[in-house]
file my_file_27.txt (compact mmCIF, C-alpha atoms and all ligand atoms)
# COMPACT_ATOMS: atom_id res chain seq x y z
CA MET A 1 23.12 19.30 20.39
CA GLN A 2 25.40 22.32 20.49
CA VAL A 3 24.82 25.01 23.13
CA GLU A 4 24.10 27.94 20.82
CA GLY A 5 21.49 27.64 18.08
CA LEU A 6 22.58 27.96 14.46
CA PRO A 7 21.20 30.46 11.92
CA GLU A 8 18.26 29.30 9.81
CA LYS A 9 20.17 30.07 6.61
CA THR A 10 23.09 27.87 7.62
CA LEU A 11 20.80 24.99 8.49
CA LEU A 12 18.78 25.22 5.30
CA LYS A 13 21.99 25.31 3.28
CA GLU A 14 23.35 22.28 5.08
CA LEU A 15 20.11 20.35 4.61
CA GLU A 16 19.95 21.20 0.91
CA SER A 17 23.47 20.04 0.34
CA ARG A 18 23.25 16.91 2.50
CA LEU A 19 19.91 15.71 1.18
CA LYS A 20 20.50 16.32 -2.50
CA GLY A 21 22.23 12.95 -2.79
CA ASP A 22 18.97 11.09 -2.09
CA PHE A 23 16.92 9.59 -4.87
CA THR A 24 14.09 11.81 -6.06
CA TYR A 25 10.79 10.82 -7.63
CA SER A 26 11.16 13.51 -10.26
CA SER A 27 14.29 11.82 -11.65
CA GLY A 28 12.14 8.82 -12.62
CA ARG A 29 14.83 6.58 -11.14
CA ILE A 30 12.62 5.28 -8.34
CA ILE A 31 10.90 2.46 -10.17
CA GLY A 32 10.59 -0.05 -7.35
CA SER A 33 8.64 1.93 -4.81
CA MET A 34 4.94 1.94 -4.05
CA CYS A 35 5.12 5.56 -2.93
CA THR A 36 5.21 8.56 -5.19
CA SER A 37 5.65 12.29 -5.15
CA PRO A 38 2.75 13.84 -3.22
CA HIS A 39 0.41 16.14 -5.12
CA PRO A 40 1.53 19.81 -4.81
CA LEU A 41 -1.74 20.81 -3.15
CA ALA A 42 -1.36 17.97 -0.64
CA ARG A 43 2.06 19.34 0.32
CA LYS A 44 0.54 22.79 0.76
CA VAL A 45 -2.38 21.76 2.96
CA TYR A 46 -0.20 19.35 4.91
CA ALA A 47 2.22 22.16 5.78
CA ARG A 48 -0.63 24.60 6.47
CA PHE A 49 -2.46 22.31 8.93
CA LEU A 50 0.30 20.25 10.45
CA ASP A 51 -0.54 21.30 13.99
CA LYS A 52 -3.84 19.40 13.93
CA ASN A 53 -3.72 16.44 16.31
CA LEU A 54 -6.45 13.86 15.89
CA GLY A 55 -5.28 12.14 19.06
CA ASP A 56 -6.98 14.97 20.97
CA SER A 57 -9.92 15.38 18.64
CA GLY A 58 -11.85 17.58 21.06
CA LEU A 59 -9.33 20.34 20.32
CA PHE A 60 -9.71 19.85 16.60
CA PRO A 61 -13.34 18.81 16.01
CA ALA A 62 -13.33 20.29 12.52
CA ALA A 63 -10.29 18.23 11.54
CA ALA A 64 -11.98 15.15 13.04
CA GLU A 65 -15.03 15.91 10.90
CA ILE A 66 -12.81 16.07 7.82
CA GLU A 67 -11.35 12.68 8.72
CA LYS A 68 -14.90 11.27 8.99
CA GLU A 69 -15.76 12.64 5.55
CA THR A 70 -12.52 11.21 4.20
CA MET A 71 -13.41 7.77 5.51
CA ILE A 72 -16.83 8.03 3.87
CA MET A 73 -15.15 8.92 0.56
CA LEU A 74 -12.76 5.97 0.92
CA GLY A 75 -15.63 3.70 1.96
CA THR A 76 -17.65 4.79 -1.05
CA LEU A 77 -14.65 4.11 -3.30
CA LEU A 78 -14.59 0.61 -1.80
CA SER A 79 -18.34 -0.04 -2.15
CA ASN A 80 -19.53 0.78 1.35
CA THR A 81 -20.90 4.19 2.23
CA GLY A 82 -21.34 2.99 5.83
CA ALA A 83 -17.68 2.05 6.34
CA THR A 84 -15.81 3.73 9.19
CA GLY A 85 -12.19 3.84 10.21
CA HIS A 86 -9.17 6.08 10.35
CA ILE A 87 -6.29 7.55 8.47
CA VAL A 88 -3.34 5.85 10.13
CA THR A 89 0.42 5.89 9.73
CA GLY A 90 0.48 3.34 6.93
CA GLY A 91 -0.41 -0.14 5.79
CA THR A 92 1.52 -1.68 8.65
CA GLU A 93 -0.52 0.06 11.34
CA ALA A 94 -3.72 -0.72 9.43
CA ASN A 95 -2.88 -4.42 9.20
CA VAL A 96 -1.89 -4.57 12.87
CA LEU A 97 -5.17 -2.91 13.84
CA ALA A 98 -7.16 -5.33 11.68
CA LEU A 99 -5.59 -8.40 13.29
CA TRP A 100 -5.91 -6.83 16.72
CA THR A 101 -9.63 -6.39 16.03
CA ALA A 102 -9.90 -10.02 14.92
CA LYS A 103 -8.13 -11.20 18.05
CA LYS A 104 -10.29 -9.13 20.40
CA LEU A 105 -13.49 -10.25 18.70
CA SER A 106 -12.56 -13.92 18.88
CA LYS A 107 -11.91 -13.79 22.64
CA LYS A 108 -9.67 -16.82 22.10
CA THR A 109 -6.14 -17.47 23.24
CA ASN A 110 -3.77 -19.52 21.06
CA CYS A 111 -5.11 -18.08 17.84
CA GLU A 112 -4.03 -18.60 14.27
CA VAL A 113 -4.29 -16.29 11.29
CA ILE A 114 -4.08 -17.55 7.72
CA VAL A 115 -2.27 -15.34 5.21
CA PRO A 116 -1.00 -15.97 1.69
CA PHE A 117 2.75 -16.47 1.19
CA SER A 118 2.62 -13.19 -0.72
CA ALA A 119 1.49 -11.25 2.38
CA HIS A 120 3.44 -8.15 3.36
CA CYS A 121 5.79 -8.48 6.34
CA SER A 122 3.45 -6.28 8.37
CA PHE A 123 1.43 -9.44 9.05
CA ASP A 124 4.51 -11.10 10.54
CA LYS A 125 5.02 -8.03 12.68
CA ALA A 126 1.33 -8.01 13.67
CA SER A 127 1.27 -11.67 14.63
CA ASP A 128 4.48 -11.36 16.63
CA LEU A 129 3.15 -8.31 18.42
CA LEU A 130 -0.27 -9.82 19.10
CA GLY A 131 0.92 -13.32 19.94
CA LEU A 132 -0.89 -14.89 16.99
CA LYS A 133 0.44 -17.84 15.06
CA ILE A 134 0.72 -16.94 11.42
CA VAL A 135 -0.03 -19.72 8.95
CA LYS A 136 1.28 -19.02 5.45
CA VAL A 137 -0.49 -20.65 2.56
CA LYS A 138 0.91 -21.42 -0.89
CA LEU A 139 -0.02 -19.57 -4.06
CA ASN A 140 -1.46 -20.87 -7.31
CA ASP A 141 0.23 -20.45 -10.70
CA ARG A 142 -1.28 -16.97 -11.00
CA PHE A 143 0.39 -15.89 -7.76
CA GLN A 144 -2.93 -15.75 -5.93
CA VAL A 145 -3.54 -17.60 -2.70
CA ASP A 146 -4.58 -21.22 -3.23
CA VAL A 147 -8.07 -21.26 -1.74
CA GLY A 148 -8.05 -25.05 -1.39
CA ALA A 149 -4.92 -24.75 0.74
CA VAL A 150 -6.58 -22.01 2.83
CA LYS A 151 -9.54 -24.33 3.45
CA LYS A 152 -7.21 -27.08 4.57
CA ALA A 153 -5.37 -24.72 6.90
CA VAL A 154 -8.52 -23.68 8.79
CA ASN A 155 -8.80 -25.32 12.20
CA PRO A 156 -10.51 -24.53 15.52
CA LYS A 157 -7.72 -22.11 16.43
CA THR A 158 -8.15 -20.06 13.25
CA ILE A 159 -9.62 -16.64 13.93
CA ALA A 160 -8.93 -14.76 10.72
CA VAL A 161 -8.11 -15.02 7.06
CA VAL A 162 -6.28 -12.36 5.05
CA GLY A 163 -6.66 -11.76 1.33
CA ILE A 164 -4.55 -9.35 -0.68
CA ALA A 165 -5.75 -7.04 -3.42
CA GLY A 166 -2.46 -5.97 -4.94
CA THR A 167 0.37 -8.06 -3.53
CA THR A 168 3.61 -6.38 -2.57
CA GLY A 169 5.68 -8.46 -4.96
CA LEU A 170 3.56 -8.63 -8.08
CA GLY A 171 0.32 -6.70 -7.60
CA ALA A 172 -1.73 -9.90 -7.80
CA VAL A 173 -5.28 -10.01 -6.46
CA ASP A 174 -6.41 -13.00 -4.40
CA PRO A 175 -9.83 -14.61 -5.04
CA ILE A 176 -11.52 -12.40 -2.46
CA ASP A 177 -15.02 -13.76 -3.19
CA GLU A 178 -13.97 -17.36 -2.52
CA LEU A 179 -12.11 -16.39 0.64
CA SER A 180 -15.18 -14.47 1.75
CA GLU A 181 -17.40 -17.54 1.31
CA LEU A 182 -15.03 -19.56 3.42
CA ALA A 183 -14.83 -16.87 6.08
CA LEU A 184 -18.62 -16.60 6.30
CA GLU A 185 -19.02 -20.38 6.41
CA ARG A 186 -16.44 -20.80 9.17
CA ASN A 187 -17.29 -17.59 11.00
CA LEU A 188 -13.84 -16.08 10.55
CA TYR A 189 -12.72 -12.47 10.47
CA PHE A 190 -11.77 -11.58 6.90
CA HIS A 191 -9.36 -8.74 6.24
CA VAL A 192 -8.37 -7.51 2.79
CA ASP A 193 -5.03 -5.79 2.35
CA ALA A 194 -5.58 -3.35 -0.50
CA ALA A 195 -2.82 -1.02 0.73
CA PHE A 196 -1.62 -0.58 -2.84
CA GLY A 197 -4.55 -1.92 -4.89
CA GLY A 198 -7.20 0.17 -3.16
CA PHE A 199 -6.18 3.27 -5.09
CA VAL A 200 -5.73 1.35 -8.35
CA LEU A 201 -8.38 -1.35 -8.79
CA PRO A 202 -11.52 0.84 -8.65
CA PHE A 203 -10.08 3.04 -11.39
CA LEU A 204 -8.92 0.11 -13.49
CA LYS A 205 -12.48 -1.16 -13.32
CA ASP A 206 -13.79 2.23 -14.46
CA LEU A 207 -11.34 2.06 -17.36
CA GLY A 208 -12.80 -1.23 -18.53
CA TYR A 209 -10.21 -3.64 -17.17
CA SER A 210 -11.67 -6.83 -15.85
CA VAL A 211 -11.39 -6.39 -12.09
CA PRO A 212 -12.91 -8.96 -9.74
CA ASP A 213 -14.78 -7.72 -6.68
CA PHE A 214 -12.24 -7.22 -3.93
CA ASP A 215 -13.86 -4.73 -1.57
CA PHE A 216 -16.92 -4.38 0.68
CA ALA A 217 -19.11 -5.49 -2.24
CA VAL A 218 -17.94 -8.95 -1.15
CA PRO A 219 -20.12 -9.77 1.87
CA GLY A 220 -17.58 -11.44 4.16
CA VAL A 221 -15.03 -8.62 4.06
CA CYS A 222 -14.74 -7.13 7.58
CA SER A 223 -11.98 -4.60 7.01
CA ILE A 224 -9.76 -3.18 4.28
CA THR A 225 -6.34 -1.53 4.32
CA VAL A 226 -6.08 1.22 1.70
CA ASP A 227 -3.11 3.56 1.72
CA PRO A 228 -3.37 7.08 0.36
CA HIS A 229 0.42 7.48 0.73
CA LYS A 230 0.94 4.92 -2.02
CA MET A 231 -1.15 5.51 -5.17
CA GLY A 232 -3.27 8.21 -3.49
CA LEU A 233 -0.59 10.92 -3.99
CA VAL A 234 -0.75 12.00 -0.36
CA PRO A 235 2.33 12.71 1.81
CA ILE A 236 3.62 10.04 4.20
CA PRO A 237 2.18 9.16 6.71
CA ALA A 238 -1.24 8.34 5.32
CA GLY A 239 -2.44 4.78 5.55
CA GLY A 240 -6.07 3.86 5.83
CA LEU A 241 -8.08 1.25 7.68
CA LEU A 242 -11.76 0.86 6.94
CA PHE A 243 -14.15 -1.36 8.85
CA ARG A 244 -17.41 -2.64 7.43
CA ASN A 245 -19.30 -1.05 10.32
CA GLU A 246 -18.93 1.01 13.45
CA ASN A 247 -19.21 -2.03 15.76
CA LEU A 248 -16.03 -3.46 14.32
CA ARG A 249 -14.20 -0.15 14.65
CA LYS A 250 -15.29 0.14 18.28
CA THR A 251 -13.59 -3.17 19.08
CA VAL A 252 -10.21 -1.44 19.27
CA SER A 253 -11.47 1.89 20.57
CA TRP A 254 -10.24 3.25 23.89
CA ASP A 255 -11.80 5.98 25.96
CA ILE A 256 -9.31 8.65 26.93
CA PRO A 257 -10.96 10.78 29.61
CA TYR A 258 -8.37 13.38 30.56
CA LEU A 259 -7.36 15.21 27.38
CA SER A 260 -7.45 18.98 27.06
CA GLY A 261 -10.09 18.79 24.36
CA GLY A 262 -12.27 16.77 26.72
CA GLU A 263 -13.03 13.06 26.82
CA THR A 264 -12.22 11.37 23.57
CA GLU A 265 -11.76 7.96 22.03
CA GLN A 266 -8.84 6.57 20.06
CA ALA A 267 -9.13 3.56 17.80
CA THR A 268 -5.63 3.72 16.35
CA LEU A 269 -2.36 2.28 17.57
CA VAL A 270 -0.82 5.71 18.05
CA GLY A 271 -2.29 8.39 20.29
CA THR A 272 -1.04 11.70 18.98
CA ARG A 273 -1.58 11.57 15.26
CA SER A 274 -1.52 13.78 12.24
CA GLY A 275 -4.70 15.60 11.30
CA ALA A 276 -2.79 17.04 8.36
CA SER A 277 -2.61 13.55 6.86
CA ALA A 278 -6.37 13.16 6.88
CA ILE A 279 -6.81 16.70 5.58
CA ALA A 280 -4.36 15.98 2.76
CA VAL A 281 -6.26 12.81 1.79
CA TRP A 282 -9.54 14.73 1.80
CA THR A 283 -8.05 17.48 -0.35
CA VAL A 284 -6.47 15.27 -3.02
CA MET A 285 -9.56 13.08 -3.32
CA LYS A 286 -11.76 16.16 -3.74
CA LEU A 287 -9.32 17.83 -6.12
CA LEU A 288 -8.72 14.90 -8.44
CA GLY A 289 -12.09 13.21 -8.19
CA ARG A 290 -12.57 9.78 -9.66
CA GLU A 291 -11.73 11.09 -13.11
CA GLY A 292 -8.39 12.50 -11.95
CA TYR A 293 -7.29 9.19 -10.43
CA ARG A 294 -8.59 7.34 -13.50
CA LYS A 295 -6.31 9.42 -15.73
CA ILE A 296 -3.31 8.75 -13.49
CA VAL A 297 -4.00 5.01 -13.36
CA ARG A 298 -4.64 4.90 -17.12
CA ASN A 299 -1.21 6.38 -17.77
CA CYS A 300 0.56 4.16 -15.22
CA MET A 301 -1.09 1.12 -16.80
CA ARG A 302 -0.19 2.20 -20.34
CA LEU A 303 3.49 2.40 -19.38
CA THR A 304 3.27 -0.81 -17.34
CA LEU A 305 1.92 -2.74 -20.32
CA LYS A 306 4.60 -1.28 -22.57
CA LEU A 307 7.29 -2.37 -20.13
CA ALA A 308 5.75 -5.83 -19.69
CA GLU A 309 5.62 -6.22 -23.45
CA ASP A 310 9.19 -5.08 -24.06
CA ILE A 311 10.95 -7.03 -21.29
CA PRO A 312 10.63 -10.45 -23.00
CA LYS A 313 12.10 -8.92 -26.18
CA ILE A 314 15.42 -8.75 -24.34
CA GLU A 315 17.18 -12.10 -24.66
CA GLY A 316 17.35 -13.95 -21.35
CA LEU A 317 14.72 -11.83 -19.62
CA ASP A 318 11.04 -12.36 -19.05
CA ARG A 319 8.14 -11.05 -16.99
CA VAL A 320 6.84 -13.18 -14.17
CA ALA A 321 3.18 -12.74 -15.15
CA GLU A 322 0.82 -10.50 -17.07
CA PRO A 323 0.54 -7.42 -14.84
CA THR A 324 -2.75 -7.10 -12.98
CA MET A 325 -1.92 -3.53 -12.03
CA ASN A 326 1.05 -1.19 -12.36
CA VAL A 327 3.54 -3.68 -10.96
CA VAL A 328 5.79 -5.78 -13.18
CA GLY A 329 7.87 -8.77 -12.10
CA LEU A 330 11.11 -9.17 -14.04
CA LYS A 331 12.70 -12.60 -14.03
CA SER A 332 15.39 -14.55 -15.83
CA ASP A 333 16.02 -18.22 -16.33
CA VAL A 334 19.50 -17.41 -17.59
CA PHE A 335 20.97 -14.75 -15.32
CA ASP A 336 21.15 -14.48 -11.55
CA ILE A 337 18.42 -11.99 -10.72
CA ARG A 338 20.54 -10.50 -7.90
CA ARG A 339 23.26 -9.67 -10.43
CA ILE A 340 20.77 -7.93 -12.70
CA ALA A 341 19.47 -5.92 -9.75
CA GLY A 342 23.05 -5.09 -8.74
CA GLU A 343 23.90 -3.85 -12.23
CA LEU A 344 20.70 -1.83 -12.47
CA ARG A 345 21.40 -0.28 -9.09
CA ALA A 346 24.92 0.54 -10.24
CA LYS A 347 23.26 2.40 -13.10
CA LYS A 348 21.22 4.28 -10.46
CA TRP A 349 17.90 2.53 -10.98
CA ALA A 350 16.13 2.06 -7.64
CA VAL A 351 14.55 -1.34 -8.27
CA SER A 352 13.12 -3.68 -5.69
CA LEU A 353 14.65 -7.16 -5.34
CA PHE A 354 12.57 -10.19 -4.33
CA PRO A 355 13.95 -13.72 -3.97
CA ARG A 356 13.17 -14.71 -7.54
CA HIS A 357 12.32 -11.50 -9.33
CA ILE A 358 12.83 -7.77 -9.56
CA ARG A 359 9.74 -5.71 -8.86
CA ILE A 360 9.09 -2.63 -10.93
CA VAL A 361 6.33 -0.27 -9.91
CA ILE A 362 5.24 2.30 -12.46
CA GLY A 363 4.05 5.05 -10.15
CA PRO A 364 2.58 8.37 -11.28
CA HIS A 365 6.06 9.93 -11.21
CA VAL A 366 7.40 7.54 -13.86
CA LYS A 367 7.17 8.96 -17.38
CA GLU A 368 7.50 7.36 -20.80
CA ARG A 369 11.07 8.61 -21.22
CA HIS A 370 12.06 6.97 -17.94
CA VAL A 371 10.62 3.63 -19.05
CA GLU A 372 12.46 3.92 -22.37
CA ARG A 373 15.75 4.74 -20.65
CA PHE A 374 15.23 1.90 -18.22
CA LEU A 375 14.62 -0.58 -21.04
CA GLN A 376 17.80 0.60 -22.78
CA ASP A 377 19.83 0.10 -19.61
CA LEU A 378 18.19 -3.25 -18.97
CA LYS A 379 19.20 -4.41 -22.43
CA LYS A 380 22.74 -3.17 -21.81
CA VAL A 381 22.88 -5.10 -18.53
CA ALA A 382 21.62 -8.28 -20.21
CA ASP A 383 24.15 -7.85 -23.05
CA GLU A 384 26.99 -7.29 -20.57
CA LEU A 385 26.03 -10.31 -18.48
CA ARG A 386 25.86 -12.46 -21.60
CA GLY A 387 29.44 -11.36 -22.21
N1 LIG A 401 0.39 -4.06 2.55
C1 LIG A 401 0.94 -4.15 1.34
C2 LIG A 401 0.28 -4.98 0.29
C3 LIG A 401 2.14 -3.47 1.07
O1 LIG A 401 2.72 -3.61 -0.12
C4 LIG A 401 2.71 -2.68 2.10
C5 LIG A 401 3.98 -1.92 1.87
C6 LIG A 401 2.09 -2.62 3.34
C7 LIG A 401 0.92 -3.32 3.53
C8 LIG A 401 2.65 -1.81 4.48
O2 LIG A 401 2.55 -0.47 4.21
P1 LIG A 401 3.44 0.63 4.95
O3 LIG A 401 4.82 0.51 4.41
O4 LIG A 401 2.73 1.89 4.61
O5 LIG A 401 3.37 0.34 6.40
N2 LIG A 401 4.45 -1.92 0.62
C9 LIG A 401 5.64 -1.28 0.20
C10 LIG A 401 6.73 -2.32 0.03
O6 LIG A 401 7.09 -3.00 0.99
C11 LIG A 401 6.13 -0.20 1.13
C12 LIG A 401 7.17 0.62 0.49
C13 LIG A 401 6.84 1.80 -0.13
C14 LIG A 401 8.48 0.23 0.51
C15 LIG A 401 7.81 2.59 -0.72
C16 LIG A 401 9.45 1.00 -0.09
C17 LIG A 401 9.12 2.17 -0.71
O7 LIG A 401 10.08 2.94 -1.31
O8 LIG A 401 7.20 -2.44 -1.06

call {"tool": "encode", "arguments": {"input": "my_file_27.txt", "output": "structure tokens"}}
result
Amino acid sequence: MQVEGLPEKTLLKELESRLKGDFTYSSGRIIGSMCTSPHPLARKVYARFLDKNLGDSGLFPAAAEIEKETMIMLGTLLSNTGATGHIVTGGTEANVLALWTAKKLSKKTNCEVIVPFSAHCSFDKASDLLGLKIVKVKLNDRFQVDVGAVKKAVNPKTIAVVGIAGTTGLGAVDPIDELSELALERNLYFHVDAAFGGFVLPFLKDLGYSVPDFDFAVPGVCSITVDPHKMGLVPIPAGGLLFRNENLRKTVSWDIPYLSGGETEQATLVGTRSGASAIAVWTVMKLLGREGYRKIVRNCMRLTLKLAEDIPKIEGLDRVAEPTMNVVGLKSDVFDIRRIAGELRAKKWAVSLFPRHIRIVIGPHVKERHVERFLQDLKKVADELRG
């Protein structure tokens, strides 16, 4: 840091010029990301209330009340008006908290957690952090976890099972009802990671898509990750963790007696945390309502299906599966998928590269013209690679 401060104008100018090289959502070039441009009103309320700290909720009881209402709205969206939880920093924190809860409830040492091979790396982080052995189970031909293999993996050390509603790689939904049956039968904690799918599946169902039960409607589900900073159009950081009931939430709650707002409790990994995030979630959910999100998801899905239909028309390319939500897997039996991704990136398309496929996410910021341009470039890349 230099000794004398610099003028505001100079700094703003420098920031504008230095940051303009980053990708922007508005360009439509970010087609591999689960995040999107936050709603304009969310930006406004976030900036307006960014001093609210839910870590010291006694100072900001009104903000804490808004968080409570937000969790009720999220719980209601996921079929449980009695759900409780918190707006956290993201899906990673939510998943860590869920496994932490499972571990504390089990009172066991030497525990194992069963997750699908498709699970997000936050479960690896969580198990490493919590000293849990993570057992990864194979998928079936629809890229869902193989429930038979989960059953086989259960042993006396198992404390929890994880199901995913909207996998990171392909947006697939695991058979949550079957996993729930197993969890209830074997008395296991059952967490559903709907970080991405939580803001998609309820609206797809409203729109008439066949959507299996994935939320608290399924009796064995103990907790759900649902991230407003993905398809919820809320600024980062805004993840969500919902518990089926208050007892579960209390498992990871700590009393903090000395804060300036008076004695409080924290049931999140972080102490000081953004009230603006919760306020932004509350605002966007109220502003858009179910119908607003439905419209957004309808449009994302329309473009997703167009893309999924047009990809196989390009010689040498195919989709991995019929999309379940607004995520498309692009594969090739002819070309090296890393080369395709490299060429697309050279053409300034921000795609996501998995070991055997490219992931495309059609977020709310992606418009029809972007999809068309992308398909044109994809065809060019395939033609070039064919030589
Ligand atoms: N659970 C699932 C199913 C996820 O896909 C993710 C992240 C998480 C949990 C963790 O969420 P946080 O990143 O909020 O902690 N999924 C995205 C991914 O890995 C995250 C992301 C978003 C990455 C935008 C890049 C990006 O540009 O693809």

call {"tool": "axis_aligned_box", "arguments": {"input": "my_file_27.txt", "around": "ligand LIG 401 (chain A)", "padding_each_side": "4 Å", "output": "JSON"}}
result
{"center_x": 5.2, "center_y": -1.0, "center_z": 2.5, "size_x": 17.8, "size_y": 15.9, "size_z": 15.7}

call {"tool": "residues_near_ligand", "arguments": {"input": "my_file_27.txt", "ligand": "ligand LIG 401 (chain A)", "cutoff": "7 Å", "atoms": "only C-alpha atoms and all ligand atoms", "output": "count of residues only"}}
result
24

call {"tool": "atom_distance", "arguments": {"input": "my_file_27.txt", "atom1": "CA of Val154 (chain A)", "atom2": "CA of Asp215 (chain A)"}}
result
22.2 Å

call {"tool": "residues_around", "arguments": {"input": "my_file_27.txt", "residues": "Pro202 (chain A)", "least_positions_apart": "6", "cutoff": "10 Å", "atoms": "all atoms listed in the file", "output": "list of chain:residue names"}}
result
A:Leu77, A:Leu78, A:Ser79, A:Tyr209, A:Val211, A:Pro212, A:Asp213, A:Phe214, A:Asp215, A:Arg290, A:Tyr293, A:Arg294, A:Val297

call {"tool": "residues_around", "arguments": {"input": "my_file_27.txt", "residues": "Glu185 (chain A)", "least_positions_apart": "3", "cutoff": "12 Å", "atoms": "only C-alpha atoms", "output": "list of chain:residue names"}}
result
A:Lys151, A:Val154, A:Glu178, A:Leu179, A:Ser180, A:Glu181, A:Leu182, A:Leu188, A:Tyr189, A:Phe190, A:Pro219, A:Gly220

call {"tool": "residues_around", "arguments": {"input": "my_file_27.txt", "residues": "region 248-256 of chain A", "least_positions_apart": "3", "cutoff": "8 Å", "atoms": "only C-alpha atoms", "output": "ChimeraX atom specification"}}
result
/A:84-85,97,100-101,104-105,222,243-245,259,263-268

call {"tool": "closest_residue", "arguments": {"input": "my_file_27.txt", "among": "A:Asp146, A:Asp318, A:Asp141, A:Asp51", "to": "Lys379 (chain A)", "atoms": "all atoms listed in the file"}}
result
A:Asp318

call {"tool": "closest_residue", "arguments": {"input": "my_file_27.txt", "among": "A:His370, A:Arg386, A:Arg186, A:Lys103", "to": "Ser26 (chain A)", "atoms": "only C-alpha atoms"}}
result
A:His370

call {"tool": "atom_distance", "arguments": {"input": "my_file_27.txt", "atom1": "CA of Ile72 (chain A)", "atom2": "CA of Gly232 (chain A)"}}
result
15.4 Å

call {"tool": "residues_near_point", "arguments": {"input": "my_file_27.txt", "point": "(-4.6, -15.3, -2.3)", "cutoff": "7 Å", "atoms": "only C-alpha atoms", "output": "short mmCIF file (atom, residue, chain, number, x, y, z; two decimals) with C-alpha atoms, in the frame of the given file"}}
result
data_model
loop_
_atom_site.label_atom_id
_atom_site.label_comp_id
_atom_site.auth_asym_id
_atom_site.auth_seq_id
_atom_site.Cartn_x
_atom_site.Cartn_y
_atom_site.Cartn_z
CA PRO A 116 -1.00 -15.97 1.69
CA LEU A 139 -0.02 -19.57 -4.06
CA GLN A 144 -2.93 -15.75 -5.93
CA VAL A 145 -3.54 -17.60 -2.70
CA ASP A 146 -4.58 -21.22 -3.23
CA VAL A 147 -8.07 -21.26 -1.74
CA GLY A 163 -6.66 -11.76 1.33
CA ILE A 164 -4.55 -9.35 -0.68
CA VAL A 173 -5.28 -10.01 -6.46
CA ASP A 174 -6.41 -13.00 -4.40
CA PRO A 175 -9.83 -14.61 -5.04
#

call {"tool": "atom_distance", "arguments": {"input": "my_file_27.txt", "atom1": "CA of Cys111 (chain A)", "atom2": "CA of Lys136 (chain A)"}}
result
14.0 Å

call {"tool": "residues_around", "arguments": {"input": "my_file_27.txt", "residues": "Gly262 (chain A)", "least_positions_apart": "3", "cutoff": "9 Å", "atoms": "all atoms listed in the file", "output": "list in words"}}
result
Asp56, Ser57, Gly58, Leu59, Ile256, Pro257, Tyr258 and Leu259 of chain A

call {"tool": "closest_residue", "arguments": {"input": "my_file_27.txt", "among": "A:Gln2, A:Ser274, A:Thr24, A:Thr225", "to": "Val162 (chain A)", "atoms": "all atoms listed in the file"}}
result
A:Thr225

call {"tool": "residues_near_point", "arguments": {"input": "my_file_27.txt", "point": "(19.7, -7.7, -5.8)", "cutoff": "8 Å", "atoms": "all atoms listed in the file", "output": "ChimeraX atom specification"}}
result
/A:337-342,352-354,358

call {"tool": "closest_residue", "arguments": {"input": "my_file_27.txt", "among": "A:His86, A:Ile159, A:Gly5, A:Thr283", "to": "Pro40 (chain A)", "atoms": "all atoms listed in the file"}}
result
A:Thr283

call {"tool": "closest_residue", "arguments": {"input": "my_file_27.txt", "among": "A:Ala165, A:Ile279, A:Val115, A:Leu41", "to": "Phe60 (chain A)", "atoms": "all atoms listed in the file"}}
result
A:Ile279

call {"tool": "closest_residue", "arguments": {"input": "my_file_27.txt", "among": "A:Ala126, A:Ile224, A:Leu344, A:Leu385", "to": "Glu112 (chain A)", "atoms": "only C-alpha atoms"}}
result
A:Ala126

call {"tool": "build_atoms", "arguments": {"input": "my_file_27.txt", "residues": "region 229-235 of chain A", "atoms": "N, CA, C and O atoms", "output": "tab-separated table (two decimals), in the coordinates of the input"}}
result
chain	number	residue	atom	x	y	z
A	229	HIS	N	-0.97	7.06	0.99
A	229	HIS	CA	0.42	7.48	0.73
A	229	HIS	C	1.12	6.59	-0.30
A	229	HIS	O	2.30	6.78	-0.57
A	230	LYS	N	0.37	5.68	-0.89
A	230	LYS	CA	0.94	4.92	-2.02
A	230	LYS	C	0.38	5.56	-3.30
A	230	LYS	O	0.86	6.61	-3.70
A	231	MET	N	-0.65	4.95	-3.90
A	231	MET	CA	-1.15	5.51	-5.17
A	231	MET	C	-2.14	6.68	-4.98
A	231	MET	O	-2.70	7.18	-5.94
A	232	GLY	N	-2.33	7.11	-3.73
A	232	GLY	CA	-3.27	8.21	-3.49
A	232	GLY	C	-2.66	9.59	-3.64
A	232	GLY	O	-3.36	10.59	-3.56
A	233	LEU	N	-1.33	9.65	-3.82
A	233	LEU	CA	-0.59	10.92	-3.99
A	233	LEU	C	-0.63	11.84	-2.78
A	233	LEU	O	-0.63	13.07	-2.89
A	234	VAL	N	-0.68	11.24	-1.60
A	234	VAL	CA	-0.75	12.00	-0.36
A	234	VAL	C	0.58	11.82	0.38
A	234	VAL	O	1.21	10.76	0.28
A	235	PRO	N	1.05	12.85	1.11
A	235	PRO	CA	2.33	12.71	1.81
A	235	PRO	C	2.30	11.60	2.87
A	235	PRO	O	1.25	11.32	3.46
